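Quick look at work-v1.txt (compact mmCIF, C-alpha atoms):
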# COMPACT_ATOMS: atom_id res chain seq x y z
CA MET A 1456 119.03 116.56 108.76
CA LYS A 1457 118.23 113.05 107.58
CA ILE A 1458 120.89 110.34 107.35
CA LEU A 1459 120.82 106.94 105.63
CA LEU A 1460 123.26 104.27 106.85
CA ILE A 1461 123.86 101.25 104.62
CA LEU A 1462 125.52 97.89 105.16
CA PRO A 1463 126.04 96.72 101.55
CA HIS A 1464 126.17 93.10 100.50
CA HIS A 1465 127.22 91.52 97.23
CA LYS A 1466 124.45 88.91 97.50
CA GLN A 1467 121.64 91.32 98.28
CA ASN A 1468 119.13 89.54 96.02
CA ASN A 1469 119.87 86.03 97.26
CA ILE A 1470 116.82 84.59 99.05
CA LEU A 1471 118.83 81.83 100.75
CA ASN A 1472 121.32 84.43 101.97
CA LYS A 1473 118.47 86.43 103.52
CA LEU A 1474 117.18 83.33 105.28
CA ILE A 1475 120.61 82.47 106.67
CA THR A 1476 121.17 86.07 107.77
CA SER A 1477 117.83 86.20 109.56
CA LEU A 1478 118.99 83.19 111.60
CA GLY A 1479 122.40 84.67 112.24
CA PHE A 1480 123.83 87.85 113.67
CA PRO A 1481 122.77 91.49 113.29
CA SER A 1482 125.37 93.97 112.00
CA LEU A 1483 127.60 95.20 114.82
CA THR A 1484 128.95 98.04 112.67
CA LEU A 1485 125.52 99.27 111.66
CA GLU A 1486 124.22 99.17 115.20
CA GLN A 1487 127.22 101.02 116.62
CA LEU A 1488 127.00 103.69 113.90
CA VAL A 1489 123.37 104.33 114.77
CA ALA A 1490 124.28 104.46 118.45
CA CYS A 1491 127.03 107.07 118.00
CA THR A 1492 124.93 109.31 115.75
CA PRO A 1493 123.70 112.36 117.71
CA LYS A 1494 120.01 112.08 118.57
CA LYS A 1495 119.14 115.34 116.82
CA TYR A 1496 119.51 113.61 113.43
CA GLU A 1497 116.88 111.39 111.85
CA VAL A 1498 118.49 108.07 110.90
CA ASP A 1499 117.31 105.44 108.43
CA TYR A 1500 119.30 102.24 107.97
CA ILE A 1501 119.51 99.43 105.45
CA ASP A 1502 121.08 96.02 106.00
CA GLU A 1503 121.29 94.78 102.41
CA ARG A 1504 121.45 91.20 103.58
CA LEU A 1505 117.78 91.60 104.48
CA GLN A 1506 116.54 94.83 102.91
CA THR A 1507 116.54 96.62 99.55
CA VAL A 1508 118.14 100.00 98.94
CA ASP A 1509 115.77 102.74 97.76
CA PHE A 1510 117.70 105.10 95.50
CA HIS A 1511 114.79 107.54 95.72
CA TRP A 1512 115.33 107.96 99.46
CA LYS A 1513 114.61 111.51 100.56
CA GLY A 1514 117.40 112.82 102.76
CA ASN A 1515 120.73 114.60 102.94
CA LEU A 1516 123.63 112.31 103.69
CA VAL A 1517 124.38 108.63 102.98
CA GLY A 1518 126.92 106.67 105.03
CA ILE A 1519 128.12 103.30 103.70
CA THR A 1520 130.35 100.87 105.60
CA ALA A 1521 132.23 98.24 103.61
CA THR A 1522 134.40 95.19 104.01
CA THR A 1523 136.67 94.23 101.12
CA VAL A 1524 134.36 91.62 99.61
CA ASN A 1525 131.54 94.17 99.58
CA ALA A 1526 133.64 97.10 98.37
CA ASN A 1527 132.51 96.92 94.74
CA ARG A 1528 128.88 96.92 95.81
CA ALA A 1529 129.55 99.82 98.19
CA TYR A 1530 131.17 101.83 95.38
CA LYS A 1531 128.21 101.13 93.09
CA LEU A 1532 125.77 102.36 95.72
CA ALA A 1533 127.92 105.39 96.45
CA ASP A 1534 128.19 106.36 92.79
CA GLU A 1535 124.45 106.11 92.28
CA PHE A 1536 123.58 108.19 95.34
CA ARG A 1537 126.10 110.84 94.30
CA ARG A 1538 124.42 110.97 90.90
CA GLN A 1539 121.21 111.65 92.82
CA GLY A 1540 122.92 114.64 94.45
CA LYS A 1541 123.45 113.07 97.88
CA THR A 1542 126.57 113.53 99.96
CA VAL A 1543 128.18 110.11 100.44
CA ILE A 1544 130.52 108.98 103.22
CA LEU A 1545 132.44 105.69 103.07
CA GLY A 1546 133.98 103.87 106.03
CA GLY A 1547 134.75 100.41 107.35
CA TYR A 1548 137.56 97.92 106.84
CA HIS A 1549 138.16 98.39 103.13
CA PRO A 1550 137.94 102.20 102.93
CA SER A 1551 140.18 102.36 106.00
CA ALA A 1552 142.75 100.17 104.23
CA ILE A 1553 142.62 102.00 100.88
CA PRO A 1554 141.15 105.45 101.63
CA GLU A 1555 142.42 107.05 98.40
CA GLU A 1556 140.56 104.47 96.33
CA ALA A 1557 137.40 104.90 98.39
CA LYS A 1558 137.58 108.69 98.05
CA GLN A 1559 137.03 108.33 94.28
CA HIS A 1560 133.49 107.20 95.10
CA ALA A 1561 132.70 109.41 98.09
CA ASP A 1562 132.70 112.96 99.34
CA SER A 1563 134.55 111.90 102.49
CA VAL A 1564 136.12 108.77 103.99
CA VAL A 1565 136.18 107.75 107.67
CA ILE A 1566 139.37 105.85 108.46
CA GLY A 1567 139.36 103.50 111.45
CA GLU A 1568 136.94 103.75 114.36
CA ALA A 1569 133.99 106.11 114.01
CA GLU A 1570 132.94 107.09 117.55
CA ILE A 1571 134.90 110.35 117.40
CA SER A 1572 135.19 110.92 113.64
CA TRP A 1573 131.55 110.38 112.70
CA PRO A 1574 129.96 113.01 115.00
CA GLN A 1575 132.68 115.49 114.00
CA LEU A 1576 132.03 114.79 110.33
CA LEU A 1577 128.33 115.50 110.80
CA LYS A 1578 129.13 118.85 112.43
CA ASP A 1579 131.45 119.75 109.57
CA TYR A 1580 128.84 118.76 107.01
CA GLU A 1581 126.28 121.09 108.58
CA SER A 1582 128.79 123.96 108.56
CA ASN A 1583 129.86 123.25 104.96
CA THR A 1584 133.43 122.39 106.05
CA LEU A 1585 133.43 118.69 105.21
CA LYS A 1586 136.97 117.27 105.02
CA PRO A 1587 138.04 114.59 102.53
CA PHE A 1588 139.31 112.22 105.26
CA TYR A 1589 138.59 111.70 108.95
CA LYS A 1590 140.84 109.63 111.19
CA SER A 1591 140.90 109.53 114.98
CA LYS A 1592 143.12 107.92 117.58
CA PRO A 1593 141.87 104.67 119.19
CA VAL A 1594 138.72 105.59 121.05
CA ASP A 1595 138.32 105.41 124.80
CA PRO A 1596 136.55 102.07 125.49
CA ARG A 1597 133.95 103.98 127.52
CA MET A 1598 132.83 105.53 124.22
CA ILE A 1599 132.10 102.20 122.53
CA PRO A 1600 128.31 102.13 122.32
CA PRO A 1601 126.07 99.14 123.02
CA ALA A 1602 125.13 97.09 119.98
CA SER A 1603 121.46 96.71 120.82
CA THR A 1604 120.05 99.82 119.18
CA LEU A 1605 118.30 98.27 116.18
CA PRO A 1606 115.30 95.93 115.98
CA GLU A 1607 116.43 92.31 116.10
CA TYR A 1608 114.09 91.17 113.31
CA LEU A 1609 113.83 87.40 113.60
CA ARG A 1610 117.35 86.86 114.90
CA ALA A 1611 118.25 83.69 116.71
CA THR A 1612 121.00 85.45 118.64
CA GLY A 1613 122.34 88.83 119.73
CA ILE A 1614 125.81 90.33 119.42
CA ILE A 1615 128.08 92.02 121.98
CA GLN A 1616 131.51 93.65 121.80
CA ALA A 1617 133.31 93.93 125.13
CA THR A 1618 136.79 94.77 123.85
CA ARG A 1619 138.60 96.20 120.83
CA GLY A 1620 142.09 96.00 119.42
CA CYS A 1621 144.52 93.10 119.12
CA PRO A 1622 148.22 93.38 120.06
CA TYR A 1623 149.23 90.35 118.00
CA GLN A 1624 150.73 90.87 114.56
CA CYS A 1625 149.31 88.04 112.43
CA LYS A 1626 150.23 88.93 108.86
CA TYR A 1627 146.85 88.01 107.35
CA CYS A 1628 144.57 89.70 109.88
CA ALA A 1629 142.64 92.86 108.93
CA VAL A 1630 141.42 93.71 112.44
CA GLN A 1631 144.18 96.25 113.00
CA THR A 1632 143.05 98.19 109.93
CA VAL A 1633 140.12 99.57 111.95
CA GLU A 1634 140.62 98.64 115.60
CA GLY A 1635 144.40 98.89 115.78
CA GLY A 1636 146.82 97.03 118.02
CA LEU A 1637 145.93 98.74 121.30
CA PHE A 1638 143.76 96.43 123.41
CA ARG A 1639 140.91 98.26 125.13
CA ALA A 1640 138.18 96.85 127.36
CA ARG A 1641 134.78 98.41 128.02
CA PRO A 1642 133.72 98.97 131.65
CA LEU A 1643 132.22 95.76 133.01
CA PRO A 1644 128.95 97.32 134.28
CA SER A 1645 128.22 98.64 130.79
CA VAL A 1646 128.79 95.24 129.15
CA ILE A 1647 126.75 93.39 131.75
CA GLU A 1648 123.86 95.82 131.40
CA GLU A 1649 123.92 95.37 127.63
CA ILE A 1650 123.82 91.58 127.97
CA LYS A 1651 120.91 91.86 130.39
CA ASN A 1652 118.98 93.93 127.85
CA LEU A 1653 119.37 91.43 125.02
CA LYS A 1654 116.04 89.95 124.04
CA SER A 1655 117.63 86.67 123.01
CA ASN A 1656 118.97 84.10 125.44
CA ARG A 1657 121.92 83.39 123.16
CA PHE A 1658 124.48 85.82 121.84
CA PHE A 1659 127.89 86.07 120.23
CA PHE A 1660 130.94 88.04 121.38
CA ALA A 1661 132.33 89.87 118.33
CA ASP A 1662 135.67 90.53 120.04
CA SER A 1663 138.84 89.43 118.22
CA SER A 1664 139.64 87.23 121.21
CA LEU A 1665 138.47 87.01 124.80
CA THR A 1666 141.77 85.48 125.85
CA ILE A 1667 143.95 88.56 125.24
CA ASN A 1668 143.41 89.85 128.78
CA LYS A 1669 142.47 86.92 131.00
CA THR A 1670 142.01 89.04 134.12
CA TYR A 1671 139.32 91.15 132.44
CA THR A 1672 137.64 88.13 130.87
CA LYS A 1673 137.45 86.23 134.14
CA LYS A 1674 135.81 89.22 135.83
CA LEU A 1675 133.40 89.52 132.93
CA PHE A 1676 132.46 85.84 132.99
CA ARG A 1677 131.99 85.83 136.77
CA ALA A 1678 129.60 88.76 136.49
CA MET A 1679 127.70 86.93 133.73
CA ILE A 1680 126.98 83.78 135.73
CA PRO A 1681 123.72 85.08 137.31
CA LEU A 1682 122.40 86.16 133.89
CA GLN A 1683 121.99 82.54 132.76
CA LYS A 1684 122.57 83.30 129.08
CA LYS A 1685 124.38 81.20 126.48
CA PHE A 1686 127.14 82.56 124.25
CA SER A 1687 129.99 81.83 121.82
CA CYS A 1688 133.29 83.69 121.53
CA TYR A 1689 136.78 83.66 120.02
CA GLY A 1690 139.76 82.47 122.01
CA ASN A 1691 143.38 81.32 121.69
CA VAL A 1692 144.11 77.60 121.95
CA ASP A 1693 147.27 77.95 124.05
CA VAL A 1694 145.64 80.19 126.65
CA LEU A 1695 142.63 77.92 126.97
CA TYR A 1696 144.82 74.84 127.29
CA HIS A 1697 146.88 76.31 130.13
CA ASP A 1698 144.12 78.02 132.14
CA ASP A 1699 141.65 75.65 133.79
CA GLU A 1700 140.20 78.46 135.88
CA LEU A 1701 139.24 80.39 132.75
CA LEU A 1702 137.59 77.32 131.26
CA ARG A 1703 135.65 76.61 134.44
CA ILE A 1704 134.38 80.18 134.77
CA ALA A 1705 133.54 80.34 131.06
CA SER A 1706 131.45 77.19 131.36
CA GLU A 1707 129.66 78.51 134.44
CA ALA A 1708 128.98 81.81 132.64
CA GLY A 1709 127.18 79.97 129.82
CA CYS A 1710 129.84 79.60 127.13
CA GLU A 1711 128.67 76.98 124.65
CA GLN A 1712 131.37 77.29 122.03
CA TRP A 1713 134.86 78.68 121.52
CA LEU A 1714 135.82 79.71 117.99
CA ILE A 1715 139.52 78.96 117.71
CA GLY A 1716 141.83 79.96 114.89
CA PHE A 1717 144.08 76.92 114.68
CA GLU A 1718 144.96 78.13 111.15
CA SER A 1719 147.56 75.42 110.44
CA ILE A 1720 148.86 72.11 111.79
CA ASN A 1721 152.41 73.14 110.88
CA GLN A 1722 154.38 75.01 113.55
CA GLU A 1723 156.72 76.42 110.92
CA THR A 1724 153.74 77.92 109.14
CA LEU A 1725 152.43 79.53 112.31
CA GLN A 1726 155.80 81.14 113.00
CA ALA A 1727 156.06 82.45 109.45
CA ILE A 1728 152.65 84.16 109.52
CA GLY A 1729 153.11 85.69 112.95
CA LYS A 1730 150.67 83.39 114.76
CA LYS A 1731 153.12 82.90 117.58
CA THR A 1732 150.35 82.37 120.12
CA ASN A 1733 149.60 78.86 118.77
CA THR A 1734 151.48 75.68 119.67
CA VAL A 1735 150.50 72.69 117.54
CA GLN A 1736 151.48 70.14 120.18
CA TYR A 1737 148.68 71.48 122.45
CA TYR A 1738 145.90 71.22 119.87
CA THR A 1739 144.50 67.78 120.69
CA SER A 1740 144.86 68.12 124.47
CA ALA A 1741 143.26 71.57 124.39
CA VAL A 1742 140.22 70.32 122.46
CA LYS A 1743 139.74 67.49 124.94
CA LYS A 1744 140.10 69.80 127.93
CA ILE A 1745 137.59 72.34 126.57
CA LYS A 1746 135.10 69.56 125.91
CA ASP A 1747 135.65 68.15 129.41
CA TYR A 1748 134.44 71.48 130.75
CA GLY A 1749 131.23 71.08 128.73
CA MET A 1750 132.01 73.46 125.88
CA ASN A 1751 132.29 72.91 122.14
CA ILE A 1752 134.82 74.18 119.60
CA MET A 1753 134.58 75.50 116.09
CA GLY A 1754 138.03 75.12 114.60
CA LEU A 1755 139.17 77.53 111.89
CA PHE A 1756 141.83 76.51 109.35
CA MET A 1757 143.39 78.21 106.31
CA PHE A 1758 145.23 76.91 103.27
CA GLY A 1759 147.66 78.61 100.91
CA PHE A 1760 150.59 79.49 103.15
CA ASP A 1761 154.05 79.48 101.60
CA THR A 1762 154.91 76.36 103.58
CA ASP A 1763 151.85 74.43 102.34
CA THR A 1764 152.41 71.58 99.90
CA LEU A 1765 149.97 69.20 98.22
CA ASP A 1766 149.78 66.87 101.22
CA VAL A 1767 148.54 69.64 103.55
CA PHE A 1768 144.89 68.82 102.88
CA SER A 1769 144.99 65.13 103.76
CA SER A 1770 147.27 65.69 106.76
CA THR A 1771 145.02 68.48 108.07
CA LEU A 1772 141.90 66.32 107.76
CA GLU A 1773 143.65 63.45 109.52
CA THR A 1774 144.73 65.76 112.35
CA ILE A 1775 141.26 67.28 112.71
CA ASN A 1776 139.73 63.84 113.08
CA LYS A 1777 142.33 62.94 115.71
CA MET A 1778 141.56 66.19 117.54
CA GLY A 1779 137.89 65.24 117.67
CA LEU A 1780 136.53 68.46 116.17
CA GLU A 1781 132.88 68.35 115.12
CA ARG A 1782 132.63 71.84 113.59
CA VAL A 1783 135.33 73.26 111.35
CA GLY A 1784 135.60 76.17 108.90
CA PHE A 1785 138.05 76.01 105.98
CA ALA A 1786 139.31 79.19 104.31
CA LEU A 1787 141.76 80.09 101.60
CA LEU A 1788 144.50 82.44 102.72
CA THR A 1789 143.43 85.89 101.55
CA PRO A 1790 145.75 88.93 101.53
CA PHE A 1791 143.28 91.64 102.50
CA PRO A 1792 144.33 95.23 101.70
CA GLY A 1793 145.95 96.92 104.67
CA THR A 1794 147.53 93.73 105.99
CA THR A 1795 151.23 92.88 106.07
CA LEU A 1796 150.48 89.89 103.85
CA PHE A 1797 148.93 92.06 101.12
CA ASN A 1798 151.90 94.42 101.12
CA GLU A 1799 154.37 91.53 100.92
CA PHE A 1800 152.54 89.80 98.06
CA LEU A 1801 152.09 93.09 96.21
CA LYS A 1802 155.83 93.78 96.44
CA GLU A 1803 156.58 90.27 95.21
CA GLY A 1804 154.15 90.61 92.29
CA ARG A 1805 151.98 87.74 93.57
CA ILE A 1806 148.61 89.52 93.73
CA LEU A 1807 146.58 88.02 90.87
CA THR A 1808 143.54 90.27 91.03
CA THR A 1809 142.15 93.36 92.74
CA ASP A 1810 138.57 92.44 91.94
CA TRP A 1811 137.54 92.85 95.56
CA SER A 1812 134.44 90.69 95.13
CA LYS A 1813 136.78 87.70 94.92
CA TYR A 1814 138.29 88.44 98.35
CA ASN A 1815 135.82 86.15 100.09
CA LEU A 1816 138.17 83.51 101.57
CA ARG A 1817 137.18 80.93 98.95
CA ASN A 1818 138.85 82.33 95.83
CA VAL A 1819 142.58 82.20 95.15
CA VAL A 1820 143.59 85.84 94.62
CA PHE A 1821 147.36 85.42 94.83
CA GLN A 1822 150.01 83.13 93.39
CA PRO A 1823 150.78 80.33 95.87
CA LYS A 1824 154.40 79.32 96.39
CA ASN A 1825 154.34 75.51 96.38
CA LEU A 1826 150.93 74.86 94.83
CA SER A 1827 149.22 75.88 91.62
CA VAL A 1828 146.11 78.03 91.86
CA GLU A 1829 144.01 75.04 90.80
CA GLN A 1830 145.60 72.69 93.34
CA LEU A 1831 144.97 75.13 96.17
CA LEU A 1832 141.36 75.77 95.20
CA ASP A 1833 140.53 72.11 94.54
CA GLY A 1834 142.23 71.00 97.74
CA ARG A 1835 140.30 73.43 99.91
CA ASN A 1836 136.98 72.62 98.23
CA SER A 1837 137.53 68.87 98.53
CA ILE A 1838 138.32 68.91 102.24
CA ALA A 1839 135.38 71.24 102.92
CA LYS A 1840 133.01 69.03 100.95
CA GLU A 1841 134.17 65.90 102.74
CA PHE A 1842 134.08 67.32 106.25
CA GLN A 1843 131.14 69.69 106.01
CA SER A 1844 128.56 67.48 104.34
CA PHE A 1845 125.24 67.75 106.12
CA SER A 1846 125.13 64.02 106.87
CA ASN A 1847 128.59 64.19 108.41
CA TYR A 1848 127.57 67.23 110.46
CA LEU A 1849 124.43 65.48 111.74
CA GLN A 1850 126.40 62.42 112.76
CA LYS A 1851 129.02 64.47 114.61
CA SER A 1852 126.33 66.55 116.32
CA PHE A 1853 124.46 63.52 117.61
CA ASN A 1854 127.72 62.04 118.86
CA ASP A 1855 128.60 65.27 120.69
CA LYS A 1856 128.26 64.57 124.41
CA ASN A 1857 128.13 68.30 125.20
CA ARG A 1858 124.90 68.78 123.27
CA SER A 1859 121.67 68.23 125.12
CA ILE A 1860 118.69 67.10 123.05
CA ASN A 1861 117.05 70.50 123.54
CA ARG A 1862 120.19 72.35 122.49
CA LEU A 1863 120.65 70.02 119.54
CA PHE A 1864 117.24 70.52 117.98
CA ASN A 1865 117.05 74.23 118.82
CA SER A 1866 120.32 75.10 117.14
CA ILE A 1867 121.44 72.40 114.73
CA ILE A 1868 120.15 74.21 111.63
CA VAL A 1869 121.45 77.58 112.84
CA ASP A 1870 124.87 76.16 113.71
CA TYR A 1871 125.14 74.38 110.39
CA PHE A 1872 124.39 77.51 108.40
CA ILE A 1873 126.68 79.65 110.56
CA MET A 1874 129.47 77.14 110.02
CA HIS A 1875 129.00 77.37 106.28
CA LYS A 1876 128.56 81.14 106.26
CA LEU A 1877 131.63 81.73 108.41
CA PHE A 1878 133.94 81.25 105.44
CA ARG A 1879 131.39 81.99 102.71
CA ILE A 1880 131.04 85.70 103.26

So that I can check it, write out the structure of this file as structure tokens.
Amino acid sequence: MKILLILPHHKQNNILNKLITSLGFPSLTLEQLVACTPKKYEVDYIDERLQTVDFHWKGNLVGITATTVNANRAYKLADEFRRQGKTVILGGYHPSAIPEEAKQHADSVVIGEAEISWPQLLKDYESNTLKPFYKSKPVDPRMIPPASTLPEYLRATGIIQATRGCPYQCKYCAVQTVEGGLFRARPLPSVIEEIKNLKSNRFFFADSSLTINKTYTKKLFRAMIPLQKKFSCYGNVDVLYHDDELLRIASEAGCEQWLIGFESINQETLQAIGKKTNTVQYYTSAVKKIKDYGMNIMGLFMFGFDTDTLDVFSSTLETINKMGLERVGFALLTPFPGTTLFNEFLKEGRILTTDWSKYNLRNVVFQPKNLSVEQLLDGRNSIAKEFQSFSNYLQKSFNDKNRSINRLFNSIIVDYFIMHKLFRI
């Protein structure tokens, strides 16, 4: 049997997008799907960020994984392949959040993680007993496959996932739609071996946060020290501020950058959205401490919370400059399907559109409470334009004491594009 796996993208014909993608990260989902497909099947794969879908593909079954912003494109692909007589399977964040909607475009839908469901689905397909939906319990972390199964093309970096699941209940976060709230960590030897096998000297941890279980992370980082690789990862500001040992080991292991979801400079806002792990009063001191250990920070902020008023943009920019952040991503609050936020806004009648292509973190898709739609959109765009201008980025990069000349010129273009792509899905 021949299988085609597709990662759809709504900008599949954008040349600049292909260039940026080639400098960025491979698809973790696509790689893990290939890895958990039994070897007896012949597998083709298409990453639409770089490749073109051939609707005349000769095979049996098409699997498409979709995030919300790419859902419309995924449905279009699914409908066309079904017209060609192919059996189509949909999975990923969006189909997991709204499986009944996805089922209208597919023969079957995989809900949540695929390591157990996908092989079982393939067996059922061969025996003509395909079910409409497949959902499994959180998988044993020993079953999470390495993400180094596909050619790396011309990638500047690799990608690793050491853990899954997040126990925190942030109202806007879609991670629990697929990974759930049960934190699970892969065996250290497996992760270390995967890092060793990466062709690139730099990679990115795709984990929701490497500060959820500090004991595991410290063991992981200690084991990584001899590998002499460089990496970036997500972490919580409060944990990093309070744990000097973690910062020291992270620096020794090769951590170049922590991606930190500050989200808001208002403590009331953080409490209201369930981001109880953040304490605003630690922000500036935490940034300084992380930098003192030789690591950089990319700060992530969102606008559109119910506590946000018109002055939130200027006050946030002022605070960011005081914090000394050189790299920042600005997003619009987006109520992704499956999240608590989406359900609350839907109940309140505040969802303005279900055109999923607009759910890209830079369109206003809900009715704000204390701002007009135009004020929210203009405010976010203005602060992003002011802070993220290329000249401003260059100046901040050259002033960054943690950047060696070699590191600066090897990565400045890549980092700049990643910063812009982070919230421009």

Calculate, to one decimal in Å, the centre and edge lengths of the box along x, y and z of the file that holds all listed atoms of region 1593-1596 of chain A with 3 Å of margin on each side, and present them as AutoDock Vina command-line options.
--center_x 139.2 --center_y 103.8 --center_z 122.3 --size_x 11.3 --size_y 9.5 --size_z 12.3

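Each of A:Asn1815, A:Arg1504, A:Phe1821, A:Asp1698 was checked against Glu1803 (chain A) using only C-alpha atoms; the smallest atom-to-atom distance is that of A:Phe1821.
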
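Across the structure, CA of Tyr1548 (chain A) and CA of Thr1520 (chain A) are spaced 7.9 Å apart.
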
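Shortest atom-to-atom contact with Pro1550 (chain A) among A:Ile1519, A:Cys1621, A:Ile1571, A:Ala1727: A:Ile1519, counting only C-alpha atoms.
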
At a cut-off of 8 Å, using all atoms listed in the file, what residues contact Thr1632 (chain A)? Leave out same-chain residues fewer than 4 positions from it and give the result as a list in words. Tyr1548, Ser1551, Ala1552, Gly1567, Gly1793 and Thr1794 of chain A

Using all atoms listed in the file, pick whichever of A:Lys1592, A:Lys1685, A:Arg1538, A:Lys1777 has the shortest atom-to-atom distance to Ala1569 (chain A). A:Lys1592

Is there a way to get, as a PyMOL selection string, all residues within 12 Å of the point (117.7, 109.6, 113.0) in file coordinates, counting only C-alpha atoms? chain A and resi 1456-1460+1488-1500+1514-1516+1604-1605

In terms of the shortest atom-to-atom distance over all atoms listed in the file, which of A:Leu1831, A:Leu1701, A:Ala1561, A:Val1633 is closest to Asp1534 (chain A)? A:Ala1561

Compare A:Ala1839, A:Leu1787, A:Leu1637, A:Val1543 by their minimum atom-to-atom distance to Arg1817 (chain A), counting all atoms listed in the file, and give me the closest one. A:Leu1787

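Among the candidates A:Val1508, A:Ile1501, A:Leu1765, A:Met1778, the residue lying nearest to Pro1823 (chain A) is A:Leu1765 (atoms considered: all atoms listed in the file).
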
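The environment of Ala1529 (chain A) within 8 Å, counting all atoms listed in the file and disregarding residues fewer than 4 places along the same chain, consists of Pro1463, His1464, Ile1519, Thr1520, Ala1521, Asn1525 and Ala1533 of chain A.
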
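The two atoms in question, CA of Thr1542 (chain A) and CA of Ser1563 (chain A), are spaced 8.5 Å apart.
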
So that I can check the surroundings of Asn1776 (chain A), please list as a list in words every protein, DNA and RNA residue that reaches within 12 Å of it, counting only C-alpha atoms and ignoring chain neighbours fewer than 3 positions away. Tyr1738, Thr1739, Val1742, Gly1754, Ser1769, Ser1770, Thr1771, Leu1772, Glu1773, Gly1779, Leu1780, Glu1781, Arg1782, Val1783, Glu1841, Phe1842 and Lys1851 of chain A

Excluding Gly1834 (chain A) and residues on its chain fewer than 3 positions from it, collect all residues at most 10 Å away from it, counting all atoms listed in the file, and give them as JSON, numbers by chain. {"A": [1758, 1759, 1765, 1766, 1767, 1768, 1769, 1787, 1826, 1828, 1829, 1830, 1831, 1837, 1838, 1839, 1840]}
